[in-house]
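A.B. asks: The file below is query_21.cif, mmCIF, C-alpha atoms and all ligand atoms:
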```
data_coords
loop_
_atom_site.label_atom_id
_atom_site.label_comp_id
_atom_site.auth_asym_id
_atom_site.auth_seq_id
_atom_site.Cartn_x
_atom_site.Cartn_y
_atom_site.Cartn_z
CA MET D 1 5.78 -7.68 -16.41
CA ILE D 2 9.11 -7.26 -14.63
CA VAL D 3 9.53 -3.96 -12.80
CA PRO D 4 13.13 -3.28 -11.77
CA VAL D 5 13.65 -1.17 -8.64
CA ASN D 6 17.08 0.42 -8.93
CA LEU D 7 18.46 1.19 -5.48
CA GLY D 8 22.17 0.50 -6.00
CA PRO D 9 23.27 -2.49 -3.91
CA GLU D 10 19.72 -2.86 -2.59
CA SER D 11 18.11 -3.19 -6.03
CA TYR D 12 15.44 -5.81 -6.59
CA THR D 13 12.73 -6.76 -9.04
CA ILE D 14 8.96 -6.85 -8.81
CA VAL D 15 7.49 -9.71 -10.83
CA VAL D 16 3.89 -9.02 -11.86
CA GLU D 17 2.52 -12.07 -13.62
CA VAL D 18 -0.55 -14.29 -13.47
CA GLY D 19 0.56 -17.55 -11.83
CA ALA D 20 3.83 -16.07 -10.52
CA LEU D 21 3.36 -17.55 -7.04
CA ALA D 22 4.09 -21.02 -8.42
CA GLY D 23 7.54 -19.81 -9.48
CA VAL D 24 8.66 -18.36 -6.16
CA GLY D 25 11.02 -21.24 -5.33
CA GLN D 26 12.89 -20.98 -8.64
CA ARG D 27 13.23 -17.22 -8.39
CA LEU D 28 14.47 -17.46 -4.83
CA ARG D 29 17.06 -20.02 -5.88
CA ALA D 30 18.30 -17.68 -8.56
CA LEU D 31 19.14 -15.16 -5.83
CA GLY D 32 21.64 -17.59 -4.35
CA VAL D 33 20.28 -17.44 -0.81
CA GLY D 34 20.56 -20.15 1.85
CA ARG D 35 18.30 -23.21 1.72
CA ARG D 36 16.21 -22.43 4.78
CA ALA D 37 13.08 -20.33 4.58
CA ALA D 38 10.09 -19.33 6.68
CA LEU D 39 6.69 -18.49 5.28
CA VAL D 40 4.78 -15.97 7.41
CA THR D 41 1.04 -15.92 6.72
CA ASP D 42 -2.39 -16.14 8.38
CA ALA D 43 -4.70 -19.16 8.49
CA ALA D 44 -7.17 -17.80 5.93
CA ILE D 45 -4.53 -16.90 3.34
CA ARG D 46 -2.69 -20.16 3.98
CA ARG D 47 -5.85 -22.07 3.15
CA LEU D 48 -6.38 -20.09 -0.07
CA HIS D 49 -2.87 -19.62 -1.42
CA GLY D 50 -0.37 -21.32 0.91
CA ALA D 51 -0.08 -24.69 -0.80
CA VAL D 52 1.20 -23.37 -4.11
CA VAL D 53 3.97 -21.43 -2.36
CA ALA D 54 4.96 -24.32 -0.09
CA ARG D 55 5.11 -26.70 -3.07
CA SER D 56 7.20 -24.31 -5.11
CA LEU D 57 9.69 -23.86 -2.27
CA GLU D 58 9.95 -27.60 -1.73
CA GLU D 59 10.44 -28.35 -5.43
CA ALA D 60 13.25 -25.80 -5.57
CA GLY D 61 14.99 -27.54 -2.68
CA PHE D 62 14.15 -25.22 0.21
CA ALA D 63 13.46 -26.49 3.72
CA SER D 64 10.63 -24.25 4.78
CA THR D 65 8.59 -23.77 7.87
CA VAL D 66 5.22 -21.99 8.09
CA ILE D 67 4.61 -19.39 10.79
CA GLU D 68 0.92 -18.60 11.21
CA VAL D 69 0.08 -15.21 12.65
CA PRO D 70 -3.24 -13.48 13.44
CA GLU D 71 -5.22 -11.84 10.61
CA GLY D 72 -4.95 -8.14 9.78
CA GLU D 73 -3.60 -5.47 12.12
CA ALA D 74 -3.50 -7.94 15.04
CA ALA D 75 -0.32 -9.39 13.46
CA LYS D 76 1.62 -6.16 13.96
CA THR D 77 2.49 -6.53 17.64
CA LEU D 78 5.67 -7.13 19.59
CA VAL D 79 4.25 -10.40 20.98
CA VAL D 80 3.72 -11.75 17.45
CA ALA D 81 7.18 -10.54 16.34
CA GLU D 82 8.71 -12.33 19.34
CA HIS D 83 6.83 -15.50 18.45
CA CYS D 84 8.30 -15.27 14.93
CA TRP D 85 11.87 -14.75 16.23
CA ASP D 86 11.42 -17.85 18.44
CA ARG D 87 10.21 -19.93 15.54
CA LEU D 88 13.09 -18.79 13.31
CA LEU D 89 15.60 -19.74 15.97
CA THR D 90 14.02 -23.14 16.58
CA ALA D 91 13.99 -23.88 12.85
CA GLY D 92 17.68 -22.97 12.64
CA LEU D 93 17.37 -20.02 10.28
CA ASP D 94 20.40 -17.78 9.90
CA ARG D 95 21.37 -14.61 8.07
CA THR D 96 21.48 -16.40 4.71
CA SER D 97 17.90 -17.67 5.17
CA THR D 98 14.77 -15.98 3.85
CA ILE D 99 11.47 -14.85 5.32
CA LEU D 100 8.59 -14.76 2.89
CA GLY D 101 5.52 -12.72 3.82
CA LEU D 102 2.38 -14.09 2.14
CA GLY D 103 -0.56 -11.78 2.81
CA GLY D 104 -1.85 -8.23 2.93
CA GLY D 105 -0.02 -5.12 4.06
CA ALA D 106 -0.18 -6.13 7.72
CA ILE D 107 1.65 -9.43 7.13
CA GLY D 108 4.16 -7.65 4.90
CA ASP D 109 4.86 -5.04 7.58
CA LEU D 110 5.29 -7.67 10.31
CA ALA D 111 7.33 -10.14 8.24
CA GLY D 112 9.56 -7.31 6.99
CA PHE D 113 10.09 -6.06 10.53
CA VAL D 114 11.05 -9.55 11.70
CA ALA D 115 13.41 -9.92 8.72
CA ALA D 116 14.97 -6.52 9.46
CA THR D 117 15.66 -7.37 13.10
CA TYR D 118 16.47 -11.09 13.29
CA MET D 119 20.27 -11.38 13.40
CA ARG D 120 20.40 -7.71 12.33
CA GLY D 121 18.76 -8.41 9.03
CA MET D 122 18.03 -11.38 6.79
CA ASN D 123 16.58 -11.90 3.31
CA PHE D 124 13.01 -10.79 2.86
CA VAL D 125 10.59 -11.61 0.03
CA THR D 126 7.05 -10.27 -0.21
CA LEU D 127 4.18 -12.18 -1.76
CA PRO D 128 1.40 -9.58 -1.46
CA THR D 129 -2.18 -10.86 -1.65
CA THR D 130 -4.31 -7.70 -1.44
CA ILE D 131 -4.40 -4.96 -4.08
CA LEU D 132 -3.24 -2.46 -1.47
CA ALA D 133 -0.24 -4.62 -0.63
CA GLN D 134 0.56 -5.32 -4.30
CA VAL D 135 0.61 -1.71 -5.50
CA ASP D 136 1.60 0.07 -2.31
CA ALA D 137 2.68 -1.60 0.94
CA SER D 138 5.09 -4.18 -0.49
CA ILE D 139 7.12 -1.63 -2.46
CA GLY D 140 9.36 0.83 -0.66
CA GLY D 141 11.04 -1.06 2.16
CA LYS D 142 8.99 0.36 5.02
CA THR D 143 8.37 -2.24 7.72
CA ALA D 144 6.72 -1.81 11.11
CA ILE D 145 4.77 -3.08 14.05
CA ASP D 146 2.31 -0.98 16.05
CA HIS D 147 2.76 0.59 19.48
CA PRO D 148 -0.35 0.48 21.69
CA LYS D 149 -0.49 4.28 21.32
CA ALA D 150 0.36 4.69 17.64
CA LYS D 151 0.28 2.66 14.44
CA ASN D 152 3.57 1.84 12.68
CA LEU D 153 5.63 3.48 15.43
CA ILE D 154 8.30 0.78 15.73
CA GLY D 155 9.97 -0.11 12.47
CA ALA D 156 12.86 -0.04 10.06
CA PHE D 157 13.62 0.44 6.40
CA HIS D 158 14.47 -3.00 5.01
CA GLN D 159 14.25 -3.57 1.27
CA PRO D 160 12.94 -6.91 0.01
CA ARG D 161 15.15 -9.05 -2.23
CA LEU D 162 12.18 -9.83 -4.43
CA VAL D 163 8.49 -8.95 -4.72
CA ILE D 164 6.18 -11.45 -6.41
CA VAL D 165 2.81 -10.06 -7.41
CA ASP D 166 0.37 -12.67 -8.67
CA PRO D 167 -2.77 -10.84 -9.85
CA GLU D 168 -4.73 -14.07 -9.65
CA VAL D 169 -4.71 -14.08 -5.84
CA VAL D 170 -6.76 -10.89 -5.53
CA ARG D 171 -9.72 -12.72 -7.08
CA THR D 172 -10.41 -14.27 -3.66
CA LEU D 173 -10.67 -10.89 -1.91
CA PRO D 174 -14.06 -9.85 -0.51
CA GLU D 175 -15.67 -7.24 -2.81
CA ARG D 176 -15.26 -4.32 -0.41
CA ASP D 177 -11.53 -4.98 0.14
CA PHE D 178 -11.01 -5.45 -3.59
CA ARG D 179 -12.57 -2.07 -4.44
CA SER D 180 -10.77 -0.35 -1.59
CA GLY D 181 -7.39 -1.27 -3.06
CA LEU D 182 -8.36 0.44 -6.30
CA ALA D 183 -8.27 3.82 -4.52
CA GLU D 184 -4.44 3.67 -4.35
CA ILE D 185 -4.36 2.80 -8.06
CA VAL D 186 -6.46 5.86 -8.92
CA LYS D 187 -4.21 7.95 -6.65
CA HIS D 188 -1.10 6.90 -8.60
CA GLY D 189 -2.74 7.94 -11.87
CA ILE D 190 -3.91 11.32 -10.60
CA VAL D 191 -0.61 12.54 -9.19
CA LEU D 192 1.91 10.69 -11.34
CA GLU D 193 0.68 9.90 -14.88
CA GLN D 194 -2.35 10.97 -16.86
CA SER D 195 -2.04 8.20 -19.46
CA TYR D 196 -2.18 5.63 -16.66
CA PHE D 197 -5.26 7.35 -15.21
CA ASP D 198 -6.91 7.10 -18.65
CA GLU D 199 -5.94 3.44 -18.90
CA VAL D 200 -7.57 2.69 -15.55
CA ALA D 201 -10.73 4.49 -16.72
CA ARG D 202 -10.74 2.46 -19.94
CA ASP D 203 -10.22 -0.80 -18.06
CA ALA D 204 -12.68 -0.03 -15.24
CA PRO D 205 -15.31 -2.65 -16.22
CA ALA D 206 -12.67 -5.36 -16.78
CA LEU D 207 -11.03 -4.49 -13.47
CA LEU D 208 -14.30 -4.71 -11.57
CA GLY D 209 -14.95 -8.03 -13.33
CA ARG D 210 -11.48 -9.11 -12.04
CA GLN D 211 -10.35 -10.11 -15.53
CA LEU D 212 -6.81 -11.36 -15.25
CA ASP D 213 -5.31 -9.49 -18.21
CA ALA D 214 -6.69 -6.17 -16.95
CA LEU D 215 -5.57 -6.89 -13.39
CA GLU D 216 -2.05 -7.73 -14.55
CA ARG D 217 -1.80 -4.60 -16.72
CA ILE D 218 -3.21 -2.16 -14.17
CA ILE D 219 -1.53 -3.61 -11.08
CA GLY D 220 1.75 -3.78 -13.02
CA GLY D 221 1.38 -0.13 -14.07
CA SER D 222 0.80 0.94 -10.51
CA CYS D 223 3.85 -1.01 -9.28
CA ARG D 224 5.93 0.71 -11.98
CA LEU D 225 4.75 4.15 -10.84
CA LYS D 226 5.34 3.51 -7.15
CA ALA D 227 8.77 2.02 -7.92
CA SER D 228 9.73 5.13 -9.90
CA VAL D 229 8.97 7.27 -6.85
CA ILE D 230 10.93 4.98 -4.52
CA GLU D 231 13.94 5.00 -6.84
CA ARG D 232 14.06 8.78 -6.92
CA ASP D 233 13.36 9.24 -3.19
CA PRO D 234 14.17 6.04 -1.29
CA GLU D 235 14.22 7.60 2.18
CA GLU D 236 11.34 10.05 1.95
CA LYS D 237 13.57 13.10 1.85
CA SER D 238 11.93 15.12 -0.93
CA ASP D 239 8.50 16.37 -1.97
CA LEU D 240 8.22 13.45 -4.38
CA ARG D 241 7.37 10.87 -1.75
CA PHE D 242 4.70 13.28 -0.46
CA ALA D 243 2.93 12.74 -3.76
CA LEU D 244 1.90 9.29 -2.56
CA ASN D 245 0.04 10.99 0.28
CA TYR D 246 -2.53 12.42 -2.08
CA GLY D 247 -5.99 11.90 -0.57
CA HIS D 248 -4.41 10.70 2.66
CA THR D 249 -4.25 13.92 4.71
CA ILE D 250 -8.02 14.25 4.80
CA GLY D 251 -8.49 10.48 4.35
CA HIS D 252 -6.48 9.64 7.50
CA ALA D 253 -8.37 12.31 9.44
CA LEU D 254 -11.69 10.78 8.36
CA GLU D 255 -10.47 7.36 9.51
CA ALA D 256 -9.21 8.70 12.85
CA THR D 257 -12.45 10.52 13.70
CA THR D 258 -14.51 7.39 13.07
CA GLY D 259 -12.30 4.98 15.02
CA TYR D 260 -11.02 3.23 11.85
CA ALA D 261 -14.37 1.45 11.73
CA ARG D 262 -16.77 3.30 9.42
CA TRP D 263 -14.73 3.23 6.23
CA THR D 264 -12.01 0.94 4.94
CA HIS D 265 -8.68 2.68 4.31
CA GLY D 266 -9.40 2.81 0.57
CA GLU D 267 -12.87 4.29 1.05
CA ALA D 268 -11.43 6.99 3.32
CA VAL D 269 -8.71 7.70 0.73
CA SER D 270 -11.37 7.98 -1.96
CA LEU D 271 -13.25 10.56 0.13
CA GLY D 272 -9.92 12.26 0.86
CA ILE D 273 -9.17 12.47 -2.86
CA ALA D 274 -12.60 14.00 -3.53
CA ALA D 275 -12.08 16.60 -0.78
CA GLU D 276 -8.49 17.41 -1.79
CA ALA D 277 -9.54 17.72 -5.43
CA ARG D 278 -12.18 20.25 -4.30
CA LEU D 279 -9.55 22.01 -2.20
CA ALA D 280 -7.32 22.47 -5.26
CA ARG D 281 -10.31 23.90 -7.11
CA ARG D 282 -11.16 26.24 -4.23
CA ILE D 283 -7.70 27.80 -4.10
CA GLY D 284 -7.64 28.22 -7.87
CA LEU D 285 -5.05 25.54 -8.57
CA ALA D 286 -7.26 23.13 -10.56
CA ASP D 287 -10.19 23.53 -12.90
CA GLU D 288 -13.60 21.92 -12.55
CA ALA D 289 -12.96 19.25 -15.20
CA THR D 290 -9.92 17.98 -13.26
CA VAL D 291 -12.10 17.58 -10.18
CA THR D 292 -15.00 15.86 -11.92
CA SER D 293 -12.83 13.36 -13.79
CA GLN D 294 -11.33 12.19 -10.47
CA GLU D 295 -14.76 11.85 -8.86
CA ALA D 296 -16.19 10.11 -11.91
CA LEU D 297 -13.52 7.41 -11.96
CA LEU D 298 -13.76 6.76 -8.22
CA THR D 299 -17.53 6.48 -8.53
CA ARG D 300 -17.29 4.07 -11.45
CA LEU D 301 -15.02 1.88 -9.34
CA GLY D 302 -17.62 1.76 -6.58
CA LEU D 303 -15.75 4.09 -4.24
CA PRO D 304 -17.41 6.89 -2.24
CA VAL D 305 -16.94 10.61 -3.01
CA ARG D 306 -19.68 11.91 -0.69
CA ALA D 307 -20.69 10.99 2.85
CA GLN D 308 -23.46 11.60 5.31
CA GLN D 309 -22.79 13.07 8.74
CA VAL D 310 -19.14 14.01 8.77
CA ASP D 311 -17.73 15.46 12.00
CA VAL D 312 -16.12 18.41 10.23
CA ASP D 313 -14.60 19.93 13.40
CA GLY D 314 -13.17 16.56 14.40
CA VAL D 315 -11.66 16.07 10.96
CA LEU D 316 -10.01 19.52 11.07
CA THR D 317 -8.52 18.80 14.51
CA ALA D 318 -7.26 15.40 13.34
CA ILE D 319 -5.57 17.05 10.34
CA THR D 320 -3.47 19.26 12.65
CA HIS D 321 -2.18 16.03 14.27
CA ASP D 322 -0.89 14.79 10.91
CA LYS D 323 2.68 13.46 11.09
CA LYS D 324 3.71 15.86 8.32
CA ALA D 325 2.61 18.95 10.27
CA ARG D 326 5.36 21.48 10.96
CA ASP D 327 4.64 24.35 13.38
CA GLY D 328 0.92 23.60 13.20
CA ARG D 329 0.84 23.74 9.41
CA VAL D 330 0.05 20.72 7.32
CA PRO D 331 1.37 20.49 3.78
CA PHE D 332 -1.23 19.35 1.25
CA VAL D 333 -0.44 17.38 -1.87
CA LEU D 334 -2.74 18.76 -4.54
CA ALA D 335 -3.26 17.94 -8.21
CA PRO D 336 -3.28 21.02 -10.50
CA ARG D 337 -4.17 18.67 -13.38
CA LEU D 338 -4.22 14.94 -13.99
CA GLY D 339 -0.72 13.47 -13.84
CA GLN D 340 0.75 16.33 -11.81
CA PHE D 341 1.11 17.21 -8.15
CA ARG D 342 2.17 20.17 -6.11
CA VAL D 343 2.89 20.39 -2.38
CA VAL D 344 1.15 23.44 -0.93
CA TYR D 345 2.24 24.57 2.53
CA ASP D 346 -0.02 27.49 3.28
CA VAL D 347 -3.61 26.42 2.68
CA ALA D 348 -6.02 28.55 4.74
CA PRO D 349 -7.90 26.48 7.36
CA THR D 350 -11.19 28.01 6.15
CA GLU D 351 -10.59 26.49 2.70
CA VAL D 352 -9.82 23.09 4.22
CA ARG D 353 -13.02 23.29 6.26
CA ALA D 354 -15.06 24.15 3.17
CA ALA D 355 -13.49 21.29 1.18
CA VAL D 356 -14.37 18.78 3.91
CA GLN D 357 -17.86 20.28 4.17
CA ASP D 358 -18.23 19.73 0.41
CA LEU D 359 -18.16 15.96 1.07
CA VAL D 360 -21.34 16.07 3.08
CA VAL D 361 -24.55 15.27 1.26
N1 LIG O 401 4.73 -0.54 4.54
C1 LIG O 401 4.03 0.31 3.83
O1 LIG O 401 4.57 1.10 3.05
C2 LIG O 401 2.53 0.31 3.94
C3 LIG O 401 1.77 1.08 3.05
C4 LIG O 401 0.37 1.03 3.16
C5 LIG O 401 -0.23 0.25 4.13
N2 LIG O 401 0.54 -0.49 4.99
C6 LIG O 401 -0.08 -1.34 6.03
O2 LIG O 401 -0.90 -2.31 5.39
C7 LIG O 401 -1.90 -2.76 6.30
C8 LIG O 401 -3.22 -2.90 5.56
O3 LIG O 401 -3.04 -3.88 4.56
P1 LIG O 401 -4.24 -4.56 3.73
O4 LIG O 401 -5.22 -3.52 3.34
O5 LIG O 401 -3.56 -5.34 2.68
O6 LIG O 401 -5.00 -5.45 4.77
P2 LIG O 401 -4.53 -6.56 5.83
O7 LIG O 401 -3.13 -6.95 5.64
O8 LIG O 401 -4.93 -6.01 7.16
O9 LIG O 401 -5.44 -7.83 5.44
C9 LIG O 401 -6.83 -7.72 5.50
C10 LIG O 401 -7.53 -9.09 5.47
O10 LIG O 401 -7.56 -9.60 4.15
C11 LIG O 401 -7.35 -11.00 4.16
N3 LIG O 401 -6.76 -11.35 2.86
C12 LIG O 401 -5.55 -10.95 2.39
N4 LIG O 401 -5.38 -11.40 1.14
C13 LIG O 401 -6.50 -12.07 0.80
C14 LIG O 401 -6.92 -12.74 -0.38
N5 LIG O 401 -6.15 -12.76 -1.48
N6 LIG O 401 -8.13 -13.33 -0.38
C15 LIG O 401 -8.95 -13.26 0.71
N7 LIG O 401 -8.61 -12.63 1.85
C16 LIG O 401 -7.40 -12.04 1.90
C17 LIG O 401 -6.45 -11.22 5.34
O11 LIG O 401 -6.57 -12.52 5.85
C18 LIG O 401 -6.93 -10.16 6.33
O12 LIG O 401 -7.96 -10.70 7.12
C19 LIG O 401 -1.92 -1.77 7.44
O13 LIG O 401 -1.32 -2.36 8.58
C20 LIG O 401 -1.05 -0.62 6.94
O14 LIG O 401 -0.37 0.05 7.99
C21 LIG O 401 1.90 -0.46 4.91
ZN ZN O 402 -3.08 4.41 1.53
#
```
Reformat the file's structure so that it appears as structure tokens.
C.D. replies:
Amino acid sequence: MIVPVNLGPESYTIVVEVGALAGVGQRLRALGVGRRAALVTDAAIRRLHGAVVARSLEEAGFASTVIEVPEGEAAKTLVVAEHCWDRLLTAGLDRTSTILGLGGGAIGDLAGFVAATYMRGMNFVTLPTTILAQVDASIGGKTAIDHPKAKNLIGAFHQPRLVIVDPEVVRTLPERDFRSGLAEIVKHGIVLEQSYFDEVARDAPALLGRQLDALERIIGGSCRLKASVIERDPEEKSDLRFALNYGHTIGHALEATTGYARWTHGEAVSLGIAAEARLARRIGLADEATVTSQEALLTRLGLPVRAQQVDVDGVLTAITHDKKARDGRVPFVLAPRLGQFRVVYDVAPTEVRAAVQDLVV
């Protein structure tokens, strides 16, 4: 599946295809970029999926160098970015050259940030290898490194020239990370398109079995939905982009109060979806069936919708620190029914408390 992202002069395509990684060199050539390239990845991903990319670049006539960075969030630091700038300079890369980020969302964020800043911006291609990165992080042009005091604080918008999503690579993900990525997929269905939500429900067993045709179809559908939001709201100026925050207001608060250690991001989002679905029910926006169908799908995908021992006060305090808060009020994205969303600005704190409390078993 080819998903076009129409952003005027910054338009690009997302290629979602089993085996697509082997074609990266050819596709890069077709863009008419310079012959030098740098592949940013970590040691584990390099071992699993690096060779096919390196071979493809070589066969298409690119002189490429590999820059290995630490795994996960540890890649998103100024020291690592500086190391990358050094390596680019030593290898003689210029503004016509390309950085390819092969990895999860952390590698994509770092590689994109380096591409945005080196010589005031060079070509950037993402080769996402986690479900989260394939359906979420690699689409939208947001790049960043972390500040010791806040995640994603230092960054830039820098659109990729090309996104290559090879569903085959997610078969090597550990089970927990694999399932976690599915939370963003469910989120897209709930707030953006009921027929997609139904398709995910139908394909749930095949997805969990990591069958390639189901992965390609569902991951492709999610890329299409996220791209449609980006096209209509590229710089996060309208309510539309808020839609992608569904499950994240309470989800982020759950992560923050547990030191980002108890749940993966996707598990916290799943709990956040369950709580925000309940919240919509509590304020009379959604009916019971809308709530239960969301919980049922998350549960079938092995994601949590209830938790033991939640620090409800801590979660409520963390919510007031949400980046979207204005004058102490936090807007909530809620789903009146499947496939729809509404941004609600005046939810009573007592209702939020009750919705979080509902998570506790
Ligand atoms: N830019 C955006 O719009 C955006 C959106 C959402 C999240 N993010 C960022 O994404 C990051 C999280 O990304 P993530 O969840 O992809 O995790 P990650 O990038 O932190 O990677 C997690 C681990 O998975 C391993 N891994 C990756 N692909 C693998 C594969 N195919 N097989 C086996 N192991 C593999 C990596 O080596 C790493 O150890 C966070 O830093 C977050 O801020 C950015
Ligand atoms: Zn998320």
A.B. asks: Within 10 Å of ligand ZN 402 (chain O), which residues show up when you count all atoms listed in the file? List them as a count of residues only, please.
C.D. replies: 23
A.B. asks: Have a look at atom O4 of ligand LIG 401 (chain O) and atom CA of D:Gly105 and let me know their distance in Å, one decimal.
C.D. replies: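 The value is 5.5 Å.
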A.B. asks: Set the cut-off to 8 Å, count only C-alpha atoms and all ligand atoms, and list whatever residues fall near ligand LIG 401 (chain O) as a PDB file with C-alpha atoms, in the frame of the given file.
C.D. replies:
```pdb
ATOM      1  CA  ASP D  42      -2.390 -16.140   8.380  1.00  0.00           C
ATOM      2  CA  ALA D  43      -4.700 -19.160   8.490  1.00  0.00           C
ATOM      3  CA  ALA D  44      -7.170 -17.800   5.930  1.00  0.00           C
ATOM      4  CA  ILE D  45      -4.530 -16.900   3.340  1.00  0.00           C
ATOM      5  CA  LEU D  48      -6.380 -20.090  -0.070  1.00  0.00           C
ATOM      6  CA  HIS D  49      -2.870 -19.620  -1.420  1.00  0.00           C
ATOM      7  CA  GLU D  71      -5.220 -11.840  10.610  1.00  0.00           C
ATOM      8  CA  GLY D  72      -4.950  -8.140   9.780  1.00  0.00           C
ATOM      9  CA  GLU D  73      -3.600  -5.470  12.120  1.00  0.00           C
ATOM     10  CA  LYS D  76       1.620  -6.160  13.960  1.00  0.00           C
ATOM     11  CA  GLY D 103      -0.560 -11.780   2.810  1.00  0.00           C
ATOM     12  CA  GLY D 104      -1.850  -8.230   2.930  1.00  0.00           C
ATOM     13  CA  GLY D 105      -0.020  -5.120   4.060  1.00  0.00           C
ATOM     14  CA  ALA D 106      -0.180  -6.130   7.720  1.00  0.00           C
ATOM     15  CA  ILE D 107       1.650  -9.430   7.130  1.00  0.00           C
ATOM     16  CA  GLY D 108       4.160  -7.650   4.900  1.00  0.00           C
ATOM     17  CA  ASP D 109       4.860  -5.040   7.580  1.00  0.00           C
ATOM     18  CA  PRO D 128       1.400  -9.580  -1.460  1.00  0.00           C
ATOM     19  CA  THR D 129      -2.180 -10.860  -1.650  1.00  0.00           C
ATOM     20  CA  THR D 130      -4.310  -7.700  -1.440  1.00  0.00           C
ATOM     21  CA  ILE D 131      -4.400  -4.960  -4.080  1.00  0.00           C
ATOM     22  CA  LEU D 132      -3.240  -2.460  -1.470  1.00  0.00           C
ATOM     23  CA  ALA D 133      -0.240  -4.620  -0.630  1.00  0.00           C
ATOM     24  CA  ASP D 136       1.600   0.070  -2.310  1.00  0.00           C
ATOM     25  CA  ALA D 137       2.680  -1.600   0.940  1.00  0.00           C
ATOM     26  CA  SER D 138       5.090  -4.180  -0.490  1.00  0.00           C
ATOM     27  CA  ILE D 139       7.120  -1.630  -2.460  1.00  0.00           C
ATOM     28  CA  GLY D 140       9.360   0.830  -0.660  1.00  0.00           C
ATOM     29  CA  GLY D 141      11.040  -1.060   2.160  1.00  0.00           C
ATOM     30  CA  LYS D 142       8.990   0.360   5.020  1.00  0.00           C
ATOM     31  CA  THR D 143       8.370  -2.240   7.720  1.00  0.00           C
ATOM     32  CA  ALA D 144       6.720  -1.810  11.110  1.00  0.00           C
ATOM     33  CA  LYS D 151       0.280   2.660  14.440  1.00  0.00           C
ATOM     34  CA  ASN D 152       3.570   1.840  12.680  1.00  0.00           C
ATOM     35  CA  VAL D 169      -4.710 -14.080  -5.840  1.00  0.00           C
ATOM     36  CA  VAL D 170      -6.760 -10.890  -5.530  1.00  0.00           C
ATOM     37  CA  ARG D 171      -9.720 -12.720  -7.080  1.00  0.00           C
ATOM     38  CA  THR D 172     -10.410 -14.270  -3.660  1.00  0.00           C
ATOM     39  CA  LEU D 173     -10.670 -10.890  -1.910  1.00  0.00           C
ATOM     40  CA  PRO D 174     -14.060  -9.850  -0.510  1.00  0.00           C
ATOM     41  CA  ASP D 177     -11.530  -4.980   0.140  1.00  0.00           C
ATOM     42  CA  GLY D 181      -7.390  -1.270  -3.060  1.00  0.00           C
ATOM     43  CA  HIS D 265      -8.680   2.680   4.310  1.00  0.00           C
TER      44      HIS D 265
END
```
A.B. asks: May I ask for the distance between atom CA of D:Ala355 and atom CA of D:Thr249, given in Å to one decimal place?
C.D. replies: 12.3 Å
A.B. asks: For atom CA of D:Pro4 and atom CA of D:Ile273, quote the distance in Å rounded to one decimal.
C.D. replies: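 Separation between atom CA of D:Pro4 and atom CA of D:Ile273: 28.7 Å.
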A.B. asks: For D:Thr257, which of D:His321, D:Arg161, D:Arg87, D:Arg210 is the closest residue, counting only C-alpha atoms?
C.D. replies: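 Comparing D:His321, D:Arg161, D:Arg87, D:Arg210 against D:Thr257, the winner is D:His321.
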A.B. asks: With all atoms listed in the file as the counted atoms, please give the residues lying no more than 10 Å from D:His147, apart from itself and same-chain residues fewer than 6 positions off, as a PyMOL selection string.
C.D. replies: chain D and resi 76-78+153-154
A.B. asks: Counting all atoms listed in the file, figure out which residue out of D:Val16, D:Ala261, D:Ala307, D:Val3 gets nearest to D:Val361.
C.D. replies: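 Looking only at the distances to D:Val361, the closest residue turns out to be D:Ala307.
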A.B. asks: Between D:Lys323, D:Arg342, D:Arg224, D:His158, which is the closest to D:Ile2 once you count only C-alpha atoms?
C.D. replies: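 When distances to D:Ile2 are compared using only C-alpha atoms, the smallest one comes from D:Arg224.
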A.B. asks: Can you list, as a PyMOL selection string, every protein, DNA or RNA residue that comes within 9 Å of D:Trp85 when you count only C-alpha atoms, leaving out same-chain residues fewer than 6 positions away?
C.D. replies: chain D and resi 114+117-118
A.B. asks: Measuring atom to atom with all atoms listed in the file, identify which of D:Val229, D:Glu59, D:Gln308, D:Phe197 is nearest to D:Arg262.
C.D. replies: D:Gln308
